[in-house]
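Colleague: The structure under discussion is supplied below as structure tokens; questions concerning it will follow.
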Amino acid sequence: MKNFHVAIIGGGVIGSAVAWELSKYKLDVVVFEKGVDVCSGNSKANSGVVHSGINSPPGSLKARFCVQGNKMFQELSEKLGFSLKWVGKYIIAKDEEETNELERLKKVGEENNVPGLEILSGREVKQKEPNVSCYRGLWVPTAGIVLPYEFTIALAENAVLNDVVFYLETKVNGLKKTKDGFLIETNKGVFQSRVVINAAGLNCRDVVSMLEKPDFNVYPCRGEYLILDKEYSSLVNSMIYPVPVKELGVLGVHITPTIEGNILLGPSAEFIDDLEATCTTRDMMKTLMEEVRVIIPDIPEEGVISAYSGIRCKLASPSEGGWADFRIEESRKNPGLINLLGIESPGLTAAPAIAKKISDMLSDFFDMSLKDDFKTKRIFDKRFSEMSLDEKSKLVKSNNRHGRIICRCEQVTEGEVIDALSNLLGAKSLSSVKYRCRAGMGRCQGGFCTQHIVRVMEKNFDMDVKEIKLKSSESNLFVGRTRETSEEG
Ligand SMILES: Cc1cc2nc3c(=O)[nH]c(=O)nc-3n(C[C@H](O)[C@H](O)[C@H](O)COP(=O)(O)OP(=O)(O)OC[C@H]3O[C@@H](n4cnc5c(N)ncnc54)[C@H](O)[C@@H]3O)c2cc1C
């Protein structure tokens, strides 16, 4: 039976950040992720905002880890190679009454040590954001954007580079306490670990239930988004937020530029019963459009190219106001089980700071000596589509697979698809390719490139078509061939 010092349940941004942080130490660390790749849960389905820390009450864990995490992003982005832009954000007030809320947020931010906050007149906001009309705006310069899946993949692959073992498509079904740690039952066998870290996101309560009666509930709250085509990238320069909705503990429907030039509209906030119901709905799409048109009236409906949703892991019900702090604690009944509970927004921002907190907590169990050979790699290089003509021609000469464009919308080459499929985690779904090189993310949403990616999977990676999955263990794309391929293919 394989034995580890630390087992992490969940390969979202939290599990991956913890794995990377722990990979600096002389520890045997394993991550169990039930999805076909890391970032299969909420970590891919959010706004991608590196929050500044103005929205959480001073003294809360949310405020502390958000502000600390925010400060770590610049260095992490340079080291690990994921994209980051400090675009800043405006929270806009329609009238004097809402301006009081801007004053309150500014005060909260200042107490949380968020620098550079300024309340501007509507005219000053318009100078920076010509499409936005408002009475006043709170300018938050330290808010940024990332591609959340790039960030998570960069953390996870760097952890692999430093010998963390990731078991994908491996669901933890049971935990048993032993004298020296835990037995971990999965669909790929039984493992042993001294410490277990519960980073299972929305499933955090299920993991606790494997050992003890949880003292909390999870109230899933879905947030739906619309994605606008890159053609509309000049609509805003920064993020534009309304004054937060008080009742639900959420930030409200906002307009967010993405690293790639698309614009996100959302998220909605709807308490639901099903942890897995990541659907999008016609009604909510309509509501989202109405709400963003309060901020920018002529947002075009025909600009929407896709929609998605994420589910907030809330520990407070709507009747309790929807807001609860993060819980990061070792179980009293089962020492060695460290639970990360209710890691909703700003969890993406807080992830690197939470990971540091976990490594501090582990000094109660291990002597935490650093490795001598810890390595760091920039996982994402310059994309073909971003290169100059000269750079492109040099690349094609060195590897002619870059001479073939596979995804026309995003200008992704066959070479880039092969690189994506050769990732350190061994993830091989169509969405693993999409999140690593953008093939399938453009206006046609994979209509053109899917067949070509499938051909690369078969020819270069010897995959059987029946094994090829879209994005989850159950999402096989093909049942077989209608006819066998000829010698020529
Ligand atoms: C609508 C929305 C918008 C948001 N916007 C932002 C934002 O802009 N900025 C920000 O900072 N934060 C934001 N957040 C919060 C952020 O997305 C989360 O805090 C973060 O993704 C939580 O990461 P996680 O790793 O805990 O969860 P997840 O990403 O859900 O990861 C948990 C993982 O555990 C796996 N798992 C579960 N059970 C098991 C099991 N039994 N065995 C094996 N694996 C298991 C799941 O497959 C999953 O991959 C937003 C969240 C939502 C929903």
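Ordering of the structure tokens sets the chain letters (A, B, ...), residue numbers begin anew at 1 in every chain, and ligands are numbered from 1 in the order given.
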If we count only C-alpha atoms and set the cut-off at 10 Å, which residues sit around segment 256-266 of chain A, ignoring sequence neighbours fewer than 5 positions away in its own chain? Please answer as a PyMOL selection string.
Modeller: chain A and resi 46-49+83-85+87+89+144-147+223-241+251+284-285+287-289+291-292+299+303-309+410+438+442
Colleague: Keeping C-alpha atoms, export the residues of the selection given above as a PDB file, in the first residue's frame.
Modeller:
ATOM      1  CA  ASN A  46     -15.371  32.049 -11.702  1.00  0.00           C
ATOM      2  CA  SER A  47     -14.600  35.657 -12.645  1.00  0.00           C
ATOM      3  CA  GLY A  48     -10.822  35.178 -12.610  1.00  0.00           C
ATOM      4  CA  VAL A  49     -10.425  38.261 -10.442  1.00  0.00           C
ATOM      5  CA  SER A  83      -0.817  35.612 -17.275  1.00  0.00           C
ATOM      6  CA  LEU A  84      -1.793  38.405 -14.920  1.00  0.00           C
ATOM      7  CA  LYS A  85      -3.015  41.937 -15.612  1.00  0.00           C
ATOM      8  CA  VAL A  87      -6.531  46.203 -14.776  1.00  0.00           C
ATOM      9  CA  LYS A  89     -11.759  47.978 -10.875  1.00  0.00           C
ATOM     10  CA  GLY A 144      -6.271  42.175 -11.274  1.00  0.00           C
ATOM     11  CA  ILE A 145      -7.291  39.378 -13.608  1.00  0.00           C
ATOM     12  CA  VAL A 146      -5.870  35.931 -14.351  1.00  0.00           C
ATOM     13  CA  LEU A 147      -7.030  32.915 -16.310  1.00  0.00           C
ATOM     14  CA  GLY A 223     -23.445  32.042 -10.483  1.00  0.00           C
ATOM     15  CA  GLU A 224     -24.044  32.117 -14.234  1.00  0.00           C
ATOM     16  CA  TYR A 225     -21.967  34.082 -16.751  1.00  0.00           C
ATOM     17  CA  LEU A 226     -22.172  35.138 -20.379  1.00  0.00           C
ATOM     18  CA  ILE A 227     -19.000  35.467 -22.483  1.00  0.00           C
ATOM     19  CA  LEU A 228     -18.755  38.194 -25.104  1.00  0.00           C
ATOM     20  CA  ASP A 229     -16.723  37.762 -28.273  1.00  0.00           C
ATOM     21  CA  LYS A 230     -13.301  39.448 -28.438  1.00  0.00           C
ATOM     22  CA  GLU A 231     -14.768  41.860 -30.970  1.00  0.00           C
ATOM     23  CA  TYR A 232     -16.216  43.726 -27.957  1.00  0.00           C
ATOM     24  CA  SER A 233     -13.008  43.851 -25.943  1.00  0.00           C
ATOM     25  CA  SER A 234     -12.894  47.657 -26.038  1.00  0.00           C
ATOM     26  CA  LEU A 235     -16.206  47.934 -24.152  1.00  0.00           C
ATOM     27  CA  VAL A 236     -14.315  48.370 -20.850  1.00  0.00           C
ATOM     28  CA  ASN A 237     -10.689  48.773 -19.795  1.00  0.00           C
ATOM     29  CA  SER A 238     -11.131  47.834 -16.134  1.00  0.00           C
ATOM     30  CA  MET A 239     -13.627  45.750 -14.201  1.00  0.00           C
ATOM     31  CA  ILE A 240     -16.928  47.503 -13.555  1.00  0.00           C
ATOM     32  CA  TYR A 241     -18.871  46.430 -10.458  1.00  0.00           C
ATOM     33  CA  LEU A 251     -20.587  41.167  -5.221  1.00  0.00           C
ATOM     34  CA  MET A 284     -30.864  33.817 -16.056  1.00  0.00           C
ATOM     35  CA  MET A 285     -29.182  34.742 -19.362  1.00  0.00           C
ATOM     36  CA  THR A 287     -31.670  38.602 -16.358  1.00  0.00           C
ATOM     37  CA  LEU A 288     -27.895  38.973 -16.699  1.00  0.00           C
ATOM     38  CA  MET A 289     -28.313  40.982 -19.892  1.00  0.00           C
ATOM     39  CA  GLU A 291     -28.547  43.805 -15.200  1.00  0.00           C
ATOM     40  CA  VAL A 292     -25.420  44.620 -17.202  1.00  0.00           C
ATOM     41  CA  ILE A 299     -24.194  45.755 -24.656  1.00  0.00           C
ATOM     42  CA  GLY A 303     -21.903  39.381 -29.006  1.00  0.00           C
ATOM     43  CA  VAL A 304     -22.509  36.485 -26.602  1.00  0.00           C
ATOM     44  CA  ILE A 305     -20.535  33.423 -27.717  1.00  0.00           C
ATOM     45  CA  SER A 306     -20.916  31.159 -24.707  1.00  0.00           C
ATOM     46  CA  ALA A 307     -22.181  30.795 -21.139  1.00  0.00           C
ATOM     47  CA  TYR A 308     -21.048  28.931 -18.030  1.00  0.00           C
ATOM     48  CA  SER A 309     -21.732  28.718 -14.339  1.00  0.00           C
ATOM     49  CA  GLU A 410      -7.526  31.292 -31.755  1.00  0.00           C
ATOM     50  CA  ARG A 438      -6.989  27.741 -26.188  1.00  0.00           C
ATOM     51  CA  GLY A 442     -12.897  30.913 -29.885  1.00  0.00           C
TER      52      GLY A 442
END
Colleague: Might you pull out every residue within 9 Å of Cys449 of chain A, with only C-alpha atoms counted and same-chain residues fewer than 6 positions away left off, and present them as a ChimeraX atom specification?
Modeller: /A:406-408,439-440
Colleague: Once you count only C-alpha atoms and all ligand atoms, which residues end up within 6 Å of ligand 1, and could you hand them over as a compact mmCIF listing (two decimals) with N, CA and C atoms, in the first residue's frame?
Modeller:
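Result saved to part_2.txt:
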# COMPACT_ATOMS: atom_id res chain seq x y z
N ILE A 9 -7.12 16.02 -0.83
CA ILE A 9 -8.32 15.60 -1.59
C ILE A 9 -8.83 16.82 -2.34
N GLY A 10 -8.70 16.78 -3.68
CA GLY A 10 -9.17 17.89 -4.51
C GLY A 10 -8.04 18.62 -5.21
N GLY A 11 -8.11 18.65 -6.53
CA GLY A 11 -7.09 19.34 -7.33
C GLY A 11 -7.66 20.61 -7.95
N GLY A 12 -8.40 21.37 -7.14
CA GLY A 12 -8.81 22.71 -7.57
C GLY A 12 -7.67 23.67 -7.28
N VAL A 13 -7.97 24.98 -7.31
CA VAL A 13 -6.89 25.94 -7.08
C VAL A 13 -6.34 25.81 -5.66
N ILE A 14 -7.20 25.45 -4.71
CA ILE A 14 -6.74 25.35 -3.32
C ILE A 14 -5.83 24.12 -3.17
N GLY A 15 -6.31 22.95 -3.62
CA GLY A 15 -5.49 21.73 -3.51
C GLY A 15 -4.18 21.89 -4.27
N PHE A 32 -5.44 13.63 -4.80
CA PHE A 32 -6.49 12.82 -5.44
C PHE A 32 -7.52 13.78 -6.04
N GLU A 33 -7.72 13.66 -7.34
CA GLU A 33 -8.71 14.52 -8.02
C GLU A 33 -9.65 13.63 -8.81
N LYS A 34 -10.94 13.76 -8.54
CA LYS A 34 -11.90 12.87 -9.23
C LYS A 34 -12.11 13.25 -10.69
N GLY A 35 -11.81 14.49 -11.05
CA GLY A 35 -11.98 14.93 -12.44
C GLY A 35 -10.86 14.41 -13.34
N CYS A 39 -8.38 21.53 -11.78
CA CYS A 39 -9.26 22.65 -12.12
C CYS A 39 -10.55 22.17 -12.81
N SER A 40 -11.08 21.07 -12.32
CA SER A 40 -12.33 20.54 -12.90
C SER A 40 -13.56 21.11 -12.21
N GLY A 41 -13.40 21.70 -11.05
CA GLY A 41 -14.55 22.19 -10.29
C GLY A 41 -14.72 23.69 -10.44
N ASN A 42 -14.97 24.35 -9.31
CA ASN A 42 -15.26 25.79 -9.37
C ASN A 42 -14.08 26.65 -9.75
N SER A 43 -12.88 26.09 -9.60
CA SER A 43 -11.70 26.92 -9.87
C SER A 43 -11.63 27.36 -11.32
N ASN A 46 -15.18 30.85 -12.53
CA ASN A 46 -15.37 32.05 -11.70
C ASN A 46 -15.05 33.28 -12.54
N SER A 47 -14.86 34.42 -11.88
CA SER A 47 -14.60 35.66 -12.64
C SER A 47 -13.12 35.84 -12.96
N GLY A 48 -12.26 35.04 -12.35
CA GLY A 48 -10.82 35.18 -12.61
C GLY A 48 -10.24 36.47 -12.05
N VAL A 49 -10.88 36.97 -10.99
CA VAL A 49 -10.43 38.26 -10.44
C VAL A 49 -9.47 38.04 -9.27
N VAL A 50 -8.35 38.74 -9.30
CA VAL A 50 -7.48 38.78 -8.12
C VAL A 50 -8.00 39.95 -7.31
N HIS A 51 -8.78 39.60 -6.29
CA HIS A 51 -9.44 40.65 -5.51
C HIS A 51 -8.44 41.43 -4.66
N THR A 170 -9.56 9.99 -9.84
CA THR A 170 -9.45 9.18 -8.62
C THR A 170 -10.29 9.81 -7.52
N LYS A 171 -11.38 9.16 -7.25
CA LYS A 171 -12.31 9.72 -6.26
C LYS A 171 -12.06 9.08 -4.89
N VAL A 172 -11.95 9.92 -3.89
CA VAL A 172 -11.83 9.40 -2.52
C VAL A 172 -13.25 9.04 -2.07
N ASN A 173 -13.42 7.74 -1.77
CA ASN A 173 -14.75 7.26 -1.37
C ASN A 173 -14.89 7.07 0.13
N ALA A 199 -9.53 19.48 0.60
CA ALA A 199 -9.66 20.65 -0.29
C ALA A 199 -10.67 20.31 -1.38
N ALA A 200 -11.78 19.67 -0.96
CA ALA A 200 -12.74 19.12 -1.93
C ALA A 200 -13.80 20.13 -2.35
N GLY A 201 -13.60 21.39 -2.03
CA GLY A 201 -14.51 22.45 -2.50
C GLY A 201 -15.93 22.19 -2.03
N LEU A 202 -16.85 22.18 -2.99
CA LEU A 202 -18.27 21.96 -2.67
C LEU A 202 -18.52 20.64 -1.95
N ASN A 203 -17.61 19.67 -2.15
CA ASN A 203 -17.76 18.35 -1.52
C ASN A 203 -17.07 18.27 -0.16
N GLY A 223 -23.71 30.77 -9.80
CA GLY A 223 -23.45 32.04 -10.48
C GLY A 223 -23.25 31.77 -11.96
N PRO A 267 -21.44 37.36 -12.20
CA PRO A 267 -22.33 36.20 -12.14
C PRO A 267 -23.64 36.53 -11.42
N GLY A 310 -20.65 28.67 -12.20
CA GLY A 310 -19.90 28.09 -11.09
C GLY A 310 -20.81 28.08 -9.88
N ILE A 311 -20.46 27.27 -8.88
CA ILE A 311 -21.33 27.18 -7.71
C ILE A 311 -20.55 27.57 -6.46
N ARG A 312 -21.03 28.62 -5.80
CA ARG A 312 -20.35 29.09 -4.58
C ARG A 312 -20.59 28.10 -3.45
N ILE A 343 -14.68 27.60 1.08
CA ILE A 343 -13.70 28.44 0.37
C ILE A 343 -14.35 28.99 -0.91
N GLU A 344 -15.25 29.92 -0.69
CA GLU A 344 -15.88 30.62 -1.83
C GLU A 344 -15.05 31.87 -2.12
N SER A 345 -15.57 32.79 -2.90
CA SER A 345 -14.81 33.99 -3.23
C SER A 345 -14.42 34.73 -1.95
N PRO A 346 -13.22 35.21 -1.79
CA PRO A 346 -12.12 35.33 -2.75
C PRO A 346 -11.10 34.17 -2.69
N GLY A 347 -11.60 32.93 -2.85
CA GLY A 347 -10.73 31.77 -2.67
C GLY A 347 -9.60 31.68 -3.69
N LEU A 348 -9.90 32.09 -4.94
CA LEU A 348 -8.86 32.04 -5.98
C LEU A 348 -7.70 32.96 -5.58
N THR A 349 -8.07 34.16 -5.13
CA THR A 349 -7.05 35.14 -4.72
C THR A 349 -6.30 34.66 -3.48
Colleague: Suppose you want the space between atom CA of Gln68 of chain A and atom CA of Ala353 of chain A; what is it in Å?
Modeller: 5.9 Å
Colleague: What separation in Å, quoted to one decimal, exists between atom CA of Asp419 of chain A and atom CA of Gly480 of chain A?
Modeller: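 So the answer is 26.0 Å.
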Colleague: Any idea what the distance is between atom CA of Gln192 of chain A and atom CA of Ser472 of chain A?
Modeller: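 Atom CA of Ser472 of chain A lies 26.2 Å from atom CA of Gln192 of chain A.
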Colleague: In segment 365-420 of chain A, what's alpha helix (DSSP H) per DSSP? Answer as a list in words?
Modeller: Leu389, Asp390, Glu391, Lys392, Ser393, Lys394, Leu395, Val396, Lys397, Ser398, Glu414, Gly415, Glu416, Val417, Ile418, Asp419 and Ala420 of chain A
Colleague: Just want the 9 Å neighbourhood of segment 106-118 of chain A, counted on only C-alpha atoms, with same-chain residues fewer than 3 positions away dropped. Output as an NGL selection string.
Modeller: :A and (52-59 or 63-64 or 67 or 101-103 or 137-142)
Colleague: So that I can see what lies close to Tyr135 of chain A, please list as a VMD selection string the residues with an atom at most 10 Å from it, counting only C-alpha atoms and leaving out residues fewer than 3 positions away in the same chain.
Modeller: chain A and resid 92 to 96 98 to 99 120 to 123 125
Colleague: Using DSSP on the backbone, list every residue of segment 132-299 of chain A that comes out as strand (DSSP E), and give them as a PyMOL selection string.
Modeller: chain A and resi 136-140+144-146+165-167+172-177+182-186+189-198+219-228+239-242+254-257+263-266+270-271
Colleague: Set the distance at 12 Å and use only C-alpha atoms: which residues neighbour segment 177-185 of chain A once local chain neighbours fewer than 3 positions away are removed? I'd like the list as number ranges by chain.
Modeller: A: 1-9, 30-32, 170-174, 188-198, 207, 210-212, 331, 333-338, 365
